[in-house]
>>> print(open('final01.txt').read())   # compact mmCIF, C-alpha atoms
# COMPACT_ATOMS: atom_id res chain seq x y z
CA MET A 25 27.02 14.28 -6.82
CA ILE A 26 23.92 12.15 -7.26
CA MET A 27 24.79 10.10 -4.20
CA ARG A 28 25.16 13.28 -2.19
CA LYS A 29 21.71 14.39 -3.38
CA LEU A 30 20.21 11.00 -2.50
CA THR A 31 21.85 11.05 0.92
CA LEU A 32 20.58 14.58 1.52
CA ALA A 33 17.09 13.51 0.46
CA ALA A 34 17.24 10.53 2.84
CA VAL A 35 18.46 12.67 5.72
CA GLY A 36 15.75 15.23 4.93
CA GLY A 37 13.08 12.55 4.92
CA ILE A 38 14.24 11.06 8.20
CA ALA A 39 14.36 14.55 9.76
CA THR A 40 10.79 15.19 8.54
CA LEU A 41 9.66 11.95 10.16
CA ALA A 42 11.44 12.78 13.39
CA VAL A 43 9.70 16.18 13.46
CA ALA A 44 6.39 14.47 12.72
CA LEU A 45 6.97 12.02 15.59
CA LEU A 46 7.77 14.88 17.94
CA ALA A 47 4.73 16.77 16.71
CA VAL A 48 2.53 13.81 17.63
CA SER A 49 3.96 13.44 21.14
CA PRO A 50 2.84 16.77 22.66
CA SER A 51 -0.82 16.07 21.90
CA GLN A 52 -0.48 12.80 23.81
CA ALA A 53 1.08 14.74 26.67
CA GLN A 54 -1.98 17.05 26.89
CA GLN A 55 -4.51 16.27 29.61
CA ALA A 56 -6.41 13.30 28.18
CA THR A 57 -10.09 12.65 28.59
CA GLU A 58 -10.46 9.31 30.32
CA ILE A 59 -13.27 7.02 29.24
CA GLN A 60 -14.10 3.68 30.81
CA LEU A 61 -15.93 0.84 29.16
CA SER A 62 -16.35 -2.78 30.02
CA TYR A 63 -16.57 -5.94 27.98
CA SER A 64 -18.90 -8.54 29.34
CA LYS A 65 -20.73 -11.54 27.83
CA GLY A 66 -19.23 -10.67 24.45
CA GLN A 67 -20.59 -7.09 24.39
CA PHE A 68 -19.20 -3.60 25.02
CA GLN A 69 -20.92 -1.62 27.75
CA PRO A 70 -21.77 1.08 26.98
CA SER A 71 -21.73 0.41 23.24
CA GLU A 72 -21.71 4.12 22.41
CA LEU A 73 -19.21 6.51 24.00
CA ARG A 74 -18.99 10.30 23.74
CA ALA A 75 -15.96 12.57 23.86
CA SER A 76 -14.94 16.13 23.03
CA ALA A 77 -13.06 16.92 19.84
CA ASP A 78 -9.40 18.01 19.75
CA LYS A 79 -8.49 16.42 23.08
CA PRO A 80 -6.53 13.19 23.47
CA ILE A 81 -8.47 10.28 24.92
CA THR A 82 -7.50 7.45 27.23
CA LEU A 83 -9.75 4.43 26.89
CA ARG A 84 -9.78 2.01 29.82
CA VAL A 85 -11.24 -1.28 28.66
CA LYS A 86 -12.17 -3.74 31.43
CA ASN A 87 -12.55 -7.26 30.14
CA LEU A 88 -14.88 -9.03 32.57
CA ASP A 89 -15.12 -12.17 30.45
CA GLY A 90 -13.19 -15.36 31.04
CA LYS A 91 -11.32 -15.16 27.74
CA ALA A 92 -9.15 -12.58 26.02
CA MET A 93 -10.58 -9.97 23.67
CA GLU A 94 -8.89 -7.65 21.17
CA PHE A 95 -10.09 -4.05 21.14
CA GLU A 96 -9.59 -2.85 17.57
CA SER A 97 -10.60 0.12 15.47
CA LYS A 98 -9.45 1.02 11.94
CA SER A 99 -10.63 4.61 12.27
CA LEU A 100 -9.04 5.13 15.70
CA ARG A 101 -5.99 3.23 14.35
CA VAL A 102 -5.45 1.22 17.53
CA GLU A 103 -5.53 -2.41 18.58
CA LYS A 104 -4.94 -3.96 21.96
CA VAL A 105 -5.36 -7.47 23.30
CA VAL A 106 -6.94 -7.41 26.76
CA ALA A 107 -6.47 -10.62 28.72
CA ALA A 108 -9.36 -12.29 30.56
CA ASN A 109 -10.48 -10.46 33.72
CA SER A 110 -8.06 -7.59 33.27
CA GLU A 111 -7.88 -4.00 32.04
CA GLY A 112 -6.29 -2.54 28.94
CA VAL A 113 -5.34 1.12 28.52
CA ILE A 114 -5.44 2.62 25.02
CA ASN A 115 -4.20 6.12 24.27
CA VAL A 116 -5.87 7.81 21.33
CA ARG A 117 -4.74 11.01 19.62
CA ALA A 118 -6.88 14.18 19.71
CA LEU A 119 -9.74 13.45 17.33
CA LYS A 120 -11.76 15.50 14.89
CA PRO A 121 -15.57 15.41 15.23
CA GLY A 122 -17.06 12.22 13.85
CA ARG A 123 -18.09 8.67 14.58
CA TYR A 124 -15.32 6.14 15.21
CA GLU A 125 -16.36 2.49 15.29
CA PHE A 126 -14.59 -0.18 17.32
CA TYR A 127 -15.02 -3.92 17.82
CA ASP A 128 -13.58 -7.06 19.36
CA ASP A 129 -11.44 -8.64 16.67
CA PHE A 130 -12.06 -12.07 18.20
CA ASN A 131 -15.85 -11.68 18.20
CA GLU A 132 -17.70 -10.55 15.07
CA LYS A 133 -20.78 -9.44 17.06
CA ALA A 134 -19.12 -7.20 19.65
CA ARG A 135 -19.16 -3.65 18.30
CA GLY A 136 -19.38 -0.10 19.57
CA ALA A 137 -18.69 3.48 18.58
CA LEU A 138 -17.02 6.57 19.94
CA VAL A 139 -18.87 9.74 18.96
CA VAL A 140 -16.63 12.81 19.03
CA GLN A 141 -18.30 16.24 19.06
CA MET B 24 3.32 -7.57 -33.34
CA ARG B 25 0.43 -5.14 -33.66
CA ALA B 26 -2.03 -8.04 -33.31
CA THR B 27 -0.34 -9.12 -30.06
CA ILE B 28 -0.53 -5.58 -28.70
CA ARG B 29 -4.18 -5.29 -29.65
CA SER B 30 -4.89 -8.69 -28.11
CA GLY B 31 -3.18 -7.65 -24.84
CA ARG B 32 -5.18 -4.43 -24.76
CA TYR B 33 -8.50 -6.25 -25.37
CA HIS B 34 -7.53 -8.80 -22.71
CA ALA B 35 -7.00 -6.01 -20.15
CA ILE B 36 -10.24 -4.26 -21.09
CA ALA B 37 -12.16 -7.57 -20.96
CA LEU B 38 -10.77 -8.35 -17.49
CA CYS B 39 -11.71 -4.87 -16.25
CA ALA B 40 -15.20 -5.30 -17.68
CA ALA B 41 -15.53 -8.74 -16.06
CA ALA B 42 -14.38 -7.30 -12.73
CA SER B 43 -16.93 -4.48 -13.08
CA LEU B 44 -19.70 -7.00 -13.85
CA CYS B 45 -18.72 -9.07 -10.82
CA CYS B 46 -18.77 -5.88 -8.77
CA GLY B 47 -22.29 -5.13 -9.94
CA GLU B 48 -23.58 -8.66 -9.27
CA PHE B 49 -22.07 -8.99 -5.82
CA GLY B 50 -22.84 -5.40 -5.01
CA ALA B 51 -26.55 -5.80 -5.63
CA ALA B 52 -26.70 -9.10 -3.74
CA ARG B 53 -24.88 -7.77 -0.71
CA ALA B 54 -26.13 -4.19 -0.63
CA GLU B 55 -28.33 -4.74 2.42
CA ASP B 56 -25.43 -6.19 4.44
CA ALA B 57 -22.91 -3.43 3.78
CA SER B 58 -23.90 -1.28 6.74
CA SER B 59 -22.75 -4.01 9.13
CA TRP B 60 -19.30 -4.37 7.56
CA ARG B 61 -16.29 -3.34 9.56
CA ASP B 62 -14.04 -0.54 8.31
CA ILE B 63 -11.41 -1.67 5.81
CA GLU B 64 -7.71 -0.89 5.61
CA THR B 65 -7.25 0.83 2.23
CA LYS B 66 -3.52 0.33 1.77
CA TYR B 67 -3.77 -2.89 -0.27
CA ILE B 68 -7.13 -2.68 -2.04
CA PHE B 69 -5.93 -0.88 -5.21
CA GLY B 70 -3.38 -3.34 -6.68
CA PHE B 71 -0.10 -1.63 -7.67
CA THR B 72 -1.62 1.63 -6.45
CA THR B 73 -1.06 1.95 -2.70
CA GLY B 74 -3.78 3.32 -0.46
CA SER B 75 -3.27 5.71 2.42
CA GLY B 76 -3.63 3.14 5.23
CA ILE B 77 -0.79 2.87 7.73
CA GLY B 78 -2.16 0.10 9.95
CA LEU B 79 -3.05 0.31 13.63
CA GLU B 80 -0.79 1.46 16.42
CA GLY B 81 0.85 -1.62 17.89
CA GLU B 82 0.13 -3.78 14.84
CA LYS B 83 2.88 -5.87 13.24
CA GLU B 84 2.71 -7.61 9.92
CA PHE B 85 4.79 -9.98 7.81
CA THR B 86 4.23 -9.91 4.08
CA ILE B 87 5.54 -11.63 0.99
CA ASP B 88 5.05 -9.31 -1.94
CA THR B 89 6.00 -10.50 -5.43
CA ILE B 90 5.98 -8.36 -8.55
CA GLY B 91 6.50 -10.14 -11.87
CA ARG B 92 7.42 -8.40 -15.12
CA PHE B 93 6.83 -10.19 -18.41
CA GLY B 94 7.58 -9.51 -22.07
CA LYS B 95 10.05 -7.35 -23.96
CA ARG B 96 10.07 -6.56 -27.68
CA ASP B 97 11.72 -9.82 -28.65
CA GLY B 98 12.86 -13.12 -27.10
CA ARG B 99 11.52 -14.37 -23.77
CA TYR B 100 11.57 -12.21 -20.68
CA ARG B 101 10.33 -13.08 -17.19
CA ALA B 102 11.61 -11.37 -14.06
CA THR B 103 10.28 -11.20 -10.52
CA GLU B 104 11.22 -9.30 -7.41
CA THR B 105 9.90 -10.42 -4.01
CA LYS B 106 9.89 -8.36 -0.85
CA TYR B 107 10.11 -10.34 2.41
CA GLU B 108 8.84 -7.60 4.60
CA VAL B 109 8.12 -6.71 8.22
CA GLU B 110 5.78 -3.79 8.90
CA PHE B 111 4.93 -2.11 12.15
CA THR B 112 3.03 0.98 13.23
CA PRO B 113 4.72 2.70 16.21
CA THR B 114 2.29 5.65 16.38
CA GLN B 115 -1.14 6.52 15.01
CA PHE B 116 0.55 8.51 12.22
CA ILE B 117 3.63 6.54 11.18
CA GLN B 118 4.32 3.16 9.66
CA ILE B 119 7.75 1.62 9.15
CA GLU B 120 8.58 -1.29 6.88
CA PHE B 121 11.83 -3.05 6.05
CA GLY B 122 12.99 -6.28 4.54
CA ALA B 123 15.04 -8.25 2.04
CA LEU B 124 14.61 -8.59 -1.71
CA GLY B 125 14.79 -11.78 -3.74
CA SER B 126 14.75 -11.82 -7.53
CA THR B 127 14.45 -14.26 -10.42
CA HIS B 128 15.38 -13.70 -14.06
CA HIS B 129 14.57 -15.92 -17.05
CA ILE B 130 15.83 -14.11 -20.12
CA ALA B 131 16.48 -15.56 -23.58
CA GLY B 132 17.07 -13.77 -26.85
CA VAL B 133 16.13 -10.28 -25.68
CA THR B 134 17.95 -7.44 -27.45
CA ASP B 135 20.39 -5.59 -25.15
CA LEU B 136 20.02 -8.15 -22.32
CA ASP B 137 22.21 -11.20 -21.62
CA ASP B 138 20.54 -14.61 -21.56
CA ARG B 139 20.12 -15.59 -17.94
CA LYS B 140 18.30 -18.03 -15.68
CA GLN B 141 18.91 -17.20 -12.04
CA PHE B 142 17.56 -16.71 -8.54
CA ALA B 143 19.33 -14.33 -6.16
CA LEU B 144 19.04 -12.55 -2.88
CA SER B 145 19.11 -9.16 -4.52
CA GLY B 146 19.00 -6.42 -1.90
CA ALA B 147 17.23 -4.71 0.96
CA PHE B 148 14.81 -1.85 1.50
CA ALA B 149 13.06 0.23 4.13
CA GLU B 150 9.91 2.32 3.87
CA PHE B 151 8.66 5.18 6.02
CA ARG B 152 5.05 6.27 5.77
CA TYR B 153 3.49 9.32 7.37
CA LEU B 154 -0.27 9.89 7.43
CA ALA B 155 -0.63 13.58 6.55
CA ILE B 156 -4.41 13.82 6.18
CA GLU B 157 -6.66 11.37 8.01
CA ARG B 158 -10.10 10.22 6.98
CA THR B 159 -12.97 10.96 9.35
CA SER B 160 -16.71 10.46 9.03
CA SER B 161 -16.92 14.01 7.65
CA ASN B 162 -13.77 13.97 5.49
CA PRO B 163 -13.54 11.16 2.90
CA LEU B 164 -9.97 11.98 1.82
CA ALA B 165 -6.82 10.47 3.35
CA VAL B 166 -3.25 11.17 2.24
CA THR B 167 -0.01 9.46 3.19
CA LEU B 168 3.53 10.51 2.25
CA ALA B 169 6.04 7.70 1.86
CA PHE B 170 9.67 7.26 0.95
CA GLU B 171 11.49 4.04 0.33
CA PRO B 172 15.29 3.79 0.04
CA THR B 173 16.36 0.55 -1.66
CA VAL B 174 19.77 -0.98 -2.31
CA ARG B 175 20.26 -3.75 -4.86
CA ARG B 176 23.19 -5.94 -5.85
CA ILE B 177 21.32 -7.44 -8.80
CA ASP B 178 19.93 -5.31 -11.62
CA GLU B 179 16.13 -5.30 -11.53
CA THR B 180 15.77 -5.52 -15.32
CA GLY B 181 18.75 -7.48 -16.63
CA GLY B 182 19.76 -9.53 -13.59
CA GLU B 183 23.49 -8.71 -13.78
CA ARG B 184 25.65 -7.84 -10.74
CA VAL B 185 25.45 -4.10 -10.00
CA ARG B 186 25.39 -1.64 -7.15
CA ASN B 187 22.06 0.17 -7.31
CA TYR B 188 20.55 2.78 -5.00
CA GLU B 189 16.95 3.84 -5.45
CA PHE B 190 14.94 6.38 -3.52
CA GLU B 191 11.23 6.13 -4.17
CA THR B 192 9.05 8.96 -2.92
CA ILE B 193 5.33 8.60 -3.30
CA ILE B 194 2.08 10.27 -2.31
CA ASN B 195 -0.73 7.79 -1.58
CA ALA B 196 -4.20 9.28 -1.51
CA ASP B 197 -7.61 7.69 -1.38
CA LEU B 198 -11.16 8.85 -1.31
CA GLU B 199 -14.12 7.01 0.23
CA LEU B 200 -16.85 7.54 -2.38
CA LEU B 201 -19.47 5.29 -0.77
CA ARG B 202 -19.20 4.55 2.95
CA ASN B 203 -17.22 1.34 3.41
CA ARG B 204 -17.97 0.27 -0.19
CA LEU B 205 -16.42 2.28 -2.99
CA PHE B 206 -12.96 3.82 -2.93
CA ALA B 207 -10.83 5.77 -5.39
CA GLY B 208 -7.06 5.66 -5.03
CA PHE B 209 -4.38 7.96 -6.44
CA ASN B 210 -0.58 7.73 -6.38
CA LEU B 211 2.06 10.23 -7.45
CA LEU B 212 5.50 8.69 -7.83
CA TYR B 213 9.07 9.98 -8.20
CA GLU B 214 11.76 7.32 -8.18
CA PRO B 215 15.36 8.39 -8.85
CA GLU B 216 18.11 5.78 -8.92
CA VAL B 217 21.81 5.39 -9.62
CA THR B 218 23.53 2.20 -10.75
CA TRP B 219 27.19 1.19 -10.94
CA GLY B 220 27.79 -1.71 -13.32
CA THR B 221 30.69 -4.18 -13.08
CA SER B 222 32.56 -2.24 -15.79
CA GLY B 223 32.43 0.86 -13.58
CA ALA B 224 29.92 2.65 -15.78
CA VAL B 225 27.45 4.82 -13.87
CA GLU B 226 23.83 5.04 -14.96
CA ARG B 227 21.41 7.57 -13.55
CA GLU B 228 17.71 7.37 -14.22
CA ALA B 229 14.33 8.23 -12.78
CA LYS B 230 10.73 7.22 -13.06
CA PHE B 231 7.94 9.70 -12.63
CA GLY B 232 4.22 9.09 -12.88
CA GLY B 233 0.90 8.57 -11.29
CA SER B 234 -2.04 6.24 -11.04
CA ALA B 235 -5.78 6.25 -10.51
CA ALA B 236 -7.73 3.27 -9.21
CA LEU B 237 -11.30 2.43 -8.34
CA SER B 238 -12.17 -0.42 -5.96
CA LEU B 239 -15.56 -1.74 -4.92
CA ARG B 240 -16.07 -3.89 -1.84
CA VAL B 241 -18.38 -6.58 -3.15
CA ALA B 242 -18.45 -8.61 0.07
CA SER B 243 -17.12 -7.85 3.52
CA ASN B 244 -13.87 -9.67 2.66
CA VAL B 245 -13.64 -9.15 -1.13
CA VAL B 246 -12.69 -6.00 -3.04
CA LEU B 247 -12.55 -5.84 -6.84
CA GLY B 248 -11.34 -2.99 -8.96
CA GLY B 249 -9.25 -1.60 -11.75
CA GLU B 250 -6.34 0.80 -12.06
CA VAL B 251 -4.45 2.79 -14.65
CA TRP B 252 -0.82 3.95 -14.41
CA TYR B 253 1.00 6.55 -16.48
CA LEU B 254 4.79 6.30 -16.12
CA ARG B 255 7.60 8.36 -17.62
CA HIS B 256 11.26 7.34 -17.76
CA TYR B 257 14.27 9.68 -17.72
CA ASP B 258 17.99 9.10 -18.10
CA ALA B 259 18.64 11.62 -15.34
CA ALA B 260 17.52 11.91 -11.73
CA ASN B 261 16.38 15.52 -12.23
CA LEU B 262 13.86 14.62 -14.96
CA THR B 263 15.72 16.37 -17.78
CA ALA B 264 16.44 13.53 -20.24
CA PHE B 265 13.06 12.05 -21.17
CA THR B 266 13.35 8.67 -22.90
CA GLY B 267 9.80 7.34 -23.04
CA ASP B 268 6.52 6.70 -21.30
CA ALA B 269 3.82 4.07 -20.99
CA VAL B 270 0.26 3.51 -19.82
CA MET B 271 -0.52 0.34 -17.87
CA LEU B 272 -4.08 -0.83 -17.21
CA GLY B 273 -5.56 -3.78 -15.39
CA PRO B 274 -7.81 -5.34 -12.75
CA THR B 275 -7.18 -5.70 -9.01
CA LEU B 276 -8.39 -8.07 -6.30
CA TYR B 277 -8.20 -8.01 -2.50
CA LEU B 278 -9.23 -11.01 -0.42
CA GLN B 279 -9.33 -11.19 3.35
CA PHE B 280 -9.12 -14.84 4.47
CA THR B 281 -9.28 -14.20 8.22
CA PRO B 282 -9.15 -10.97 10.28
CA LYS B 283 -5.36 -11.44 10.41
CA MET B 284 -4.58 -12.76 6.94
CA PHE B 285 -5.20 -11.39 3.47
CA MET B 286 -3.91 -11.31 -0.08
CA THR B 287 -3.91 -8.80 -2.88
CA ALA B 288 -3.46 -9.51 -6.58
CA ALA B 289 -3.18 -7.25 -9.60
CA TRP B 290 -2.32 -7.51 -13.24
CA ASN B 291 -1.41 -4.63 -15.56
CA ALA B 292 -0.92 -4.72 -19.32
CA GLN B 293 0.84 -1.98 -21.22
CA VAL B 294 -1.86 -0.52 -23.47
CA TRP B 295 0.07 2.44 -24.82
CA GLY B 296 3.70 3.50 -24.86
CA ARG B 297 6.41 5.26 -26.82
CA GLU B 298 10.18 5.22 -26.96
CA ILE B 299 11.81 8.52 -27.89
CA GLY B 300 13.72 8.10 -31.18
CA ASN B 301 12.20 4.70 -31.90
CA PRO B 302 8.90 4.81 -33.82
CA VAL B 303 7.38 1.58 -32.49
CA SER B 304 4.23 0.80 -30.55
CA LEU B 305 4.58 0.43 -26.76
CA ASN B 306 7.65 1.19 -24.67
CA LEU B 307 9.29 -2.15 -24.04
CA ALA B 308 12.77 -0.76 -23.52
CA GLU B 309 12.07 0.77 -20.11
CA PHE B 310 8.83 -0.98 -19.19
CA GLN B 311 7.40 -4.45 -19.68
CA ARG B 312 4.47 -5.74 -21.68
CA HIS B 313 2.73 -7.12 -18.55
CA ARG B 314 3.25 -6.94 -14.83
CA ALA B 315 1.55 -8.85 -12.03
CA ARG B 316 1.51 -8.53 -8.27
CA LEU B 317 0.70 -11.11 -5.62
CA LYS B 318 0.96 -10.22 -1.97
CA PHE B 319 0.19 -12.27 1.13
CA ALA B 320 0.14 -10.71 4.59
CA TRP B 321 -0.15 -11.98 8.13
CA GLU B 322 -0.79 -9.62 11.00
CA PHE B 323 0.35 -10.51 14.48
>>> encode(input="final01.txt", output="structure tokens")
Amino acid sequence: MIMRKLTLAAVGGIATLAVALLAVSPSQAQQATEIQLSYSKGQFQPSELRASADKPITLRVKNLDGKAMEFESKSLRVEKVVAANSEGVINVRALKPGRYEFYDDFNEKARGALVVQ
Amino acid sequence: MRATIRSGRYHAIALCAAASLCCGEFGAARAEDASSWRDIETKYIFGFTTGSGIGLEGEKEFTIDTIGRFGKRDGRYRATETKYEVEFTPTQFIQIEFGALGSTHHIAGVTDLDDRKQFALSGAFAEFRYLAIERTSSNPLAVTLAFEPTVRRIDETGGERVRNYEFETIINADLELLRNRLFAGFNLLYEPEVTWGTSGAVEREAKFGGSAALSLRVASNVVLGGEVWYLRHYDAANLTAFTGDAVMLGPTLYLQFTPKMFMTAAWNAQVWGREIGNPVSLNLAEFQRHRARLKFAWEF
């Protein structure tokens, strides 16, 4: 009996997660706002980006430097290594209004922010 | 016995006070730098209490997480369980973890437990975490729902061969009280389990409880804090046969060595407890006198 209950609870939990995963996907499928930024001489340009709330965002990060960088943001919950002289594409969920900071994880001084309104 | 209990309680309070003093000292010295600190992942900054963080999409992590339990009412009791764990974050809302369990038991002269000195590969687990409420610059609260099925072939407490299935469900919440500096963490736990012993006897039990923690970032890579847990034990999965409860209290520490490597440490002492039908101080039948946690993680 108890095993049946535990199994049911496990199945229920997995089903909840599956639904949650599916619930996340449609927002990514919405038309995303595309934002471009470049990384040059160890700095983001521009260092402050703007986007509308409640719409998914595609960030295109062009690394113009001769070494790899890692675009990372705890509040956006994304990280992506972008090789030297190449472009990285980062898909971000629809965001609530606020300020979301990002940085290069390989370079303490390279920082920027996405302001969502 | 009472002197030992009192000494343990004073030790815990003294450590919390020392941690608070350290927080104050570092806090004042570093206050002007705090605005330049990067955001912090809150999952590991509260000790035994787990924060709401689920990592970053695309991030993978390997961790070694050891929890030690020390002290029963009599004899000598030391037991540890280590999780060798892989974590990954497939979406911006979900984190998945899985791994193997290793355990050690050093038991001598403890009532109701066999003497034992052993190390064993004791089981496996998986954890699924879903971020239900996310923190933004205008909302300081974040909440994650998690469940963790675990299977063991070695009893967590006594070390004997068993077949044990546990299903931990937990709500992890945290609140950013001061931007990037001061955080409060809360957990609500329900952990039913069923165990088959070698004799064929079946034991059903559950743990239910919650915690509150406060952590202050005293430097960009150091977080100090304290936490309190209240735990209840039942001899039934549906919380009908209450057998005792306990309050655990202690300090916590989080240290980030590099952007990709960190450790967390915590120590809890039982400061209050009761066993139903046994008029003694503390609950050392279902819980331990002390517990400690040491976790190392590498992101890749």
>>> atom_distance(input="final01.txt", atom1="CA of Pro163 in chain B", atom2="CA of Ala137 in chain A")
18.2 Å
>>> interface_residues(input="final01.txt", of="chain B", to="chain A", cutoff="6 Å", atoms="all atoms listed in the file", output="PyMOL selection string")
chain B and resi 79-80+115+160
>>> atom_distance(input="final01.txt", atom1="CA of Arg240 in chain B", atom2="CA of Ala165 in chain B")
17.9 Å
>>> atom_distance(input="final01.txt", atom1="CA of Glu228 in chain B", atom2="CA of Phe148 in chain B")
18.5 Å
>>> residues_around(input="final01.txt", residues="Arg184 in chain B", least_positions_apart="2", cutoff="12 Å", atoms="all atoms listed in the file", output="ChimeraX atom specification")
/B:137,139,141,143-146,175-182,186-187,218-223
